[in-house]
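Text of model-v4.cif (mmCIF, C-alpha atoms) as supplied:
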```
data_upload
loop_
_atom_site.group_PDB
_atom_site.id
_atom_site.type_symbol
_atom_site.label_atom_id
_atom_site.label_comp_id
_atom_site.auth_asym_id
_atom_site.auth_seq_id
_atom_site.Cartn_x
_atom_site.Cartn_y
_atom_site.Cartn_z
ATOM 1 C CA MET A 1 332.556 102.496 158.626
ATOM 2 C CA GLU A 2 330.141 100.130 160.341
ATOM 3 C CA LYS A 3 331.176 96.670 161.434
ATOM 4 C CA ALA A 4 329.975 93.923 159.116
ATOM 5 C CA ARG A 5 327.071 92.040 160.670
ATOM 6 C CA THR A 6 326.138 88.383 160.644
ATOM 7 C CA VAL A 7 322.458 87.960 159.810
ATOM 8 C CA GLY A 8 320.662 84.630 160.011
ATOM 9 C CA ILE A 9 317.695 83.833 157.784
ATOM 10 C CA GLY A 10 315.361 81.017 158.822
ATOM 11 C CA MET A 11 314.597 79.083 155.642
ATOM 12 C CA ASP A 12 312.029 76.327 155.130
ATOM 13 C CA TYR A 13 311.312 77.286 151.485
ATOM 14 C CA SER A 14 307.774 78.432 152.309
ATOM 15 C CA SER A 15 306.502 81.627 150.699
ATOM 16 C CA THR A 16 306.915 83.485 153.998
ATOM 17 C CA SER A 17 310.517 82.369 154.503
ATOM 18 C CA LYS A 18 311.298 83.504 150.950
ATOM 19 C CA ALA A 19 309.588 86.827 151.733
ATOM 20 C CA ALA A 20 311.810 87.112 154.824
ATOM 21 C CA LEU A 21 314.905 86.511 152.688
ATOM 22 C CA ARG A 22 313.789 89.134 150.145
ATOM 23 C CA TRP A 23 313.009 91.616 152.945
ATOM 24 C CA ALA A 24 316.429 91.103 154.538
ATOM 25 C CA ALA A 25 318.201 91.451 151.185
ATOM 26 C CA GLU A 26 316.368 94.694 150.388
ATOM 27 C CA ASN A 27 316.189 96.322 153.840
ATOM 28 C CA LEU A 28 318.774 94.911 156.222
ATOM 29 C CA ILE A 29 321.840 93.510 154.492
ATOM 30 C CA GLY A 30 324.580 96.058 154.013
ATOM 31 C CA GLU A 31 327.932 96.150 152.271
ATOM 32 C CA GLY A 32 330.129 93.276 153.442
ATOM 33 C CA ASP A 33 327.570 91.699 155.792
ATOM 34 C CA ARG A 34 327.401 87.940 156.191
ATOM 35 C CA ILE A 35 324.158 86.029 155.551
ATOM 36 C CA ILE A 36 323.696 82.542 156.936
ATOM 37 C CA LEU A 37 320.698 80.581 155.692
ATOM 38 C CA ILE A 38 319.550 78.409 158.607
ATOM 39 C CA GLN A 39 317.641 75.279 157.666
ATOM 40 C CA VAL A 40 316.239 72.750 160.124
ATOM 41 C CA GLN A 41 315.347 69.240 159.022
ATOM 42 C CA PRO A 42 312.960 67.052 161.040
ATOM 43 C CA PRO A 43 314.613 64.809 163.627
ATOM 44 C CA ASN A 44 313.396 61.691 161.755
ATOM 45 C CA ALA A 45 314.957 62.803 158.448
ATOM 46 C CA ASP A 46 317.369 60.224 157.118
ATOM 47 C CA HIS A 47 319.986 61.759 154.861
ATOM 48 C CA THR A 48 323.626 60.907 154.337
ATOM 49 C CA ARG A 49 324.983 63.992 156.122
ATOM 50 C CA LYS A 50 322.736 63.680 159.189
ATOM 51 C CA GLN A 51 324.822 60.842 160.592
ATOM 52 C CA LEU A 52 327.924 63.034 160.468
ATOM 53 C CA PHE A 53 326.505 66.319 161.732
ATOM 54 C CA GLU A 54 323.320 65.618 163.704
ATOM 55 C CA GLY A 55 324.737 66.901 166.993
ATOM 56 C CA THR A 56 326.429 70.064 165.749
ATOM 57 C CA GLY A 57 324.694 70.866 162.488
ATOM 58 C CA SER A 58 326.466 70.872 159.161
ATOM 59 C CA PRO A 59 329.599 72.893 158.573
ATOM 60 C CA LEU A 60 329.001 76.340 157.070
ATOM 61 C CA VAL A 61 328.499 75.770 153.366
ATOM 62 C CA PRO A 62 329.530 78.625 151.026
ATOM 63 C CA LEU A 63 327.134 79.830 148.329
ATOM 64 C CA ALA A 64 329.139 78.218 145.500
ATOM 65 C CA GLU A 65 328.650 74.765 147.068
ATOM 66 C CA PHE A 66 325.093 75.478 148.242
ATOM 67 C CA ARG A 67 324.179 76.278 144.632
ATOM 68 C CA GLU A 68 324.949 72.705 143.527
ATOM 69 C CA ILE A 69 321.989 70.341 143.316
ATOM 70 C CA ASN A 70 324.025 67.546 144.933
ATOM 71 C CA PHE A 71 324.237 69.617 148.111
ATOM 72 C CA SER A 72 320.437 69.711 148.335
ATOM 73 C CA LYS A 73 320.214 65.960 147.766
ATOM 74 C CA GLN A 74 322.852 65.117 150.379
ATOM 75 C CA TYR A 75 321.042 67.137 153.042
ATOM 76 C CA GLY A 76 317.480 66.406 151.892
ATOM 77 C CA LEU A 77 316.783 70.068 151.123
ATOM 78 C CA THR A 78 314.626 71.692 148.495
ATOM 79 C CA TYR A 79 316.582 72.922 145.483
ATOM 80 C CA ASP A 80 315.043 76.342 144.910
ATOM 81 C CA PRO A 81 316.268 78.566 142.054
ATOM 82 C CA GLU A 82 314.333 81.564 143.442
ATOM 83 C CA VAL A 83 316.237 81.427 146.751
ATOM 84 C CA LEU A 84 319.535 80.968 144.926
ATOM 85 C CA ASP A 85 318.775 83.976 142.701
ATOM 86 C CA ILE A 86 318.097 86.220 145.725
ATOM 87 C CA LEU A 87 321.312 85.038 147.392
ATOM 88 C CA ASP A 88 323.352 85.502 144.194
ATOM 89 C CA THR A 89 321.976 89.019 143.757
ATOM 90 C CA VAL A 90 322.711 90.162 147.317
ATOM 91 C CA SER A 91 326.173 88.621 147.127
ATOM 92 C CA ARG A 92 326.929 90.348 143.829
ATOM 93 C CA THR A 93 325.340 93.756 144.524
ATOM 94 C CA LYS A 94 326.201 94.218 148.207
ATOM 95 C CA GLY A 95 329.313 92.099 148.522
ATOM 96 C CA ALA A 96 327.616 90.006 151.186
ATOM 97 C CA GLU A 97 329.207 86.700 152.120
ATOM 98 C CA VAL A 98 326.583 83.952 151.884
ATOM 99 C CA ALA A 99 326.644 80.567 153.596
ATOM 100 C CA ALA A 100 324.151 77.913 154.679
ATOM 101 C CA LYS A 101 323.932 75.635 157.695
ATOM 102 C CA VAL A 102 321.640 72.667 158.279
ATOM 103 C CA TYR A 103 320.435 71.402 161.661
ATOM 104 C CA TRP A 104 318.225 68.447 162.628
ATOM 105 C CA GLY A 105 315.561 68.567 165.326
ATOM 106 C CA ASP A 106 312.830 70.869 166.633
ATOM 107 C CA PRO A 107 312.980 74.082 164.562
ATOM 108 C CA ARG A 108 312.207 76.266 167.580
ATOM 109 C CA GLU A 109 315.111 74.980 169.622
ATOM 110 C CA LYS A 110 317.555 74.590 166.753
ATOM 111 C CA ILE A 111 317.052 78.137 165.467
ATOM 112 C CA VAL A 112 317.676 79.549 168.952
ATOM 113 C CA ASP A 113 320.753 77.296 169.238
ATOM 114 C CA ALA A 114 321.933 78.577 165.836
ATOM 115 C CA VAL A 115 321.747 82.198 167.014
ATOM 116 C CA GLU A 116 324.262 81.389 169.753
ATOM 117 C CA ASP A 117 326.345 78.921 167.729
ATOM 118 C CA LEU A 118 326.756 81.318 164.795
ATOM 119 C CA GLU A 119 326.984 84.461 166.950
ATOM 120 C CA LEU A 120 324.276 86.170 164.917
ATOM 121 C CA ASP A 121 323.769 89.910 165.212
ATOM 122 C CA SER A 122 320.163 89.517 164.057
ATOM 123 C CA LEU A 123 317.753 86.924 162.702
ATOM 124 C CA VAL A 124 315.006 87.262 160.086
ATOM 125 C CA MET A 125 312.305 84.658 159.625
ATOM 126 C CA GLY A 126 308.872 84.286 158.123
ATOM 127 C CA SER A 127 305.605 83.883 159.963
ATOM 128 C CA ARG A 128 303.352 81.070 158.890
ATOM 129 C CA GLY A 129 300.206 82.814 160.130
ATOM 130 C CA LEU A 130 298.733 79.676 161.643
ATOM 131 C CA GLY A 131 295.847 81.417 163.397
ATOM 132 C CA ALA A 132 295.082 81.334 167.116
ATOM 133 C CA ILE A 133 293.872 77.740 167.474
ATOM 134 C CA LYS A 134 296.599 76.068 165.420
ATOM 135 C CA ARG A 135 299.238 78.231 167.119
ATOM 136 C CA VAL A 136 298.061 77.024 170.555
ATOM 137 C CA LEU A 137 297.986 73.385 169.445
ATOM 138 C CA LEU A 138 301.144 73.299 167.321
ATOM 139 C CA GLY A 139 303.142 76.136 168.824
ATOM 140 C CA SER A 140 304.581 78.992 166.849
ATOM 141 C CA VAL A 141 308.216 78.748 165.807
ATOM 142 C CA SER A 142 308.457 82.516 165.376
ATOM 143 C CA ASN A 143 306.885 83.253 168.796
ATOM 144 C CA TYR A 144 309.287 80.851 170.496
ATOM 145 C CA VAL A 145 312.318 82.289 168.702
ATOM 146 C CA VAL A 146 311.344 85.920 169.394
ATOM 147 C CA THR A 147 310.963 85.069 173.084
ATOM 148 C CA ASN A 148 314.142 82.999 173.474
ATOM 149 C CA ALA A 149 316.738 84.221 170.965
ATOM 150 C CA PRO A 150 319.497 86.416 172.435
ATOM 151 C CA CYS A 151 319.528 88.761 169.410
ATOM 152 C CA PRO A 152 316.997 90.984 167.639
ATOM 153 C CA VAL A 153 314.514 88.942 165.594
ATOM 154 C CA THR A 154 312.463 90.293 162.693
ATOM 155 C CA VAL A 155 309.385 88.294 161.717
ATOM 156 C CA VAL A 156 308.165 88.971 158.180
ATOM 157 C CA LYS A 157 304.480 88.262 157.635
ATOM 158 C CA GLY A 158 303.245 86.777 154.408
ATOM 159 C CA SER A 159 300.899 88.731 152.202
ATOM 160 C CA LYS A 160 297.171 88.088 152.428
ATOM 161 C CA PRO A 161 295.818 85.967 149.550
#
```

Produce C-alpha cells that represent the structure in this file.
Amino acid sequence: MEKARTVGIGMDYSSTSKAALRWAAENLIGEGDRIILIQVQPPNADHTRKQLFEGTGSPLVPLAEFREINFSKQYGLTYDPEVLDILDTVSRTKGAEVAAKVYWGDPREKIVDAVEDLELDSLVMGSRGLGAIKRVLLGSVSNYVVTNAPCPVTVVKGSKP
C-alpha cells in the first residue's frame, strides 16, 4: 500500500485554478491522500483574520468549516460552490482529507513557502496564460513556483476560448 500523499492546490478561483483542482481530483489524488487548498490574499487585504495570522498563514481549516460562508467572509475569500462540490466529491469518493490554508503576500513567494511549511509531496496550480509581454512585465507565478518549489509542480493550462 502506498503512503498517503499531501497535495497542494493553488487556488485563486480563476477558471485555470479550478481546472487544476479538477485535474488533480481526477488524475492525481488517490485513496487517503490529503489535499490542501492554498489561497494567497494580497498584502494590502484587510480582513479580520489577517491580523491574527499574517506572519504564519491561517491554521489548516477542515472542509466542514471551509464550506461555511462565514469562513469566506472572515478571510475575504470567494465563496465558490463549484470548488466546494469538487472537494466534496473527492473527499467522498476517494476518502481524501481536505483542508484549506490562507496566506497574505506575494503569491509567488507564499506558495513556495507553503510547500515547505505544509511539507507537500506535490503541488498543482493553474496557468494564467499571460502571454510573453505580460509575463515579462508582471512575472509568472507558475514559472516562479516551478523554478523555486522543492517538490514536483504540475501546471494545468486553461483551455483555449

Residue nearest Val40 (chain A) among A:Thr78, A:Asn143, A:Asn27, A:Ser15 (counting only C-alpha atoms):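 Closest candidate: A:Thr78.
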
Exercise: Val102 (chain A) partners within 7 Å, all atoms listed in the file, chain neighbours under 3 positions left out, as an MDAnalysis selection string: chainID A and resid 38:40 57:58

CA of Ala25 (chain A) to CA of Leu37 (chain A), straight-line distance in Å: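 Spanning CA of Leu37 (chain A) to CA of Ala25 (chain A) is a straight-line distance of 12.0 Å.
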
CA of Ala20 (chain A) to CA of Leu63 (chain A), distance in Å rounded to a single decimal: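 That distance, rounded to one decimal, is 18.2 Å.
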
Pairwise distance for CA of Arg5 (chain A) and CA of Cys151 (chain A), rounded to one decimal in Å: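 Straight-line distance from CA of Arg5 (chain A) to CA of Cys151 (chain A) works out to 12.0 Å.
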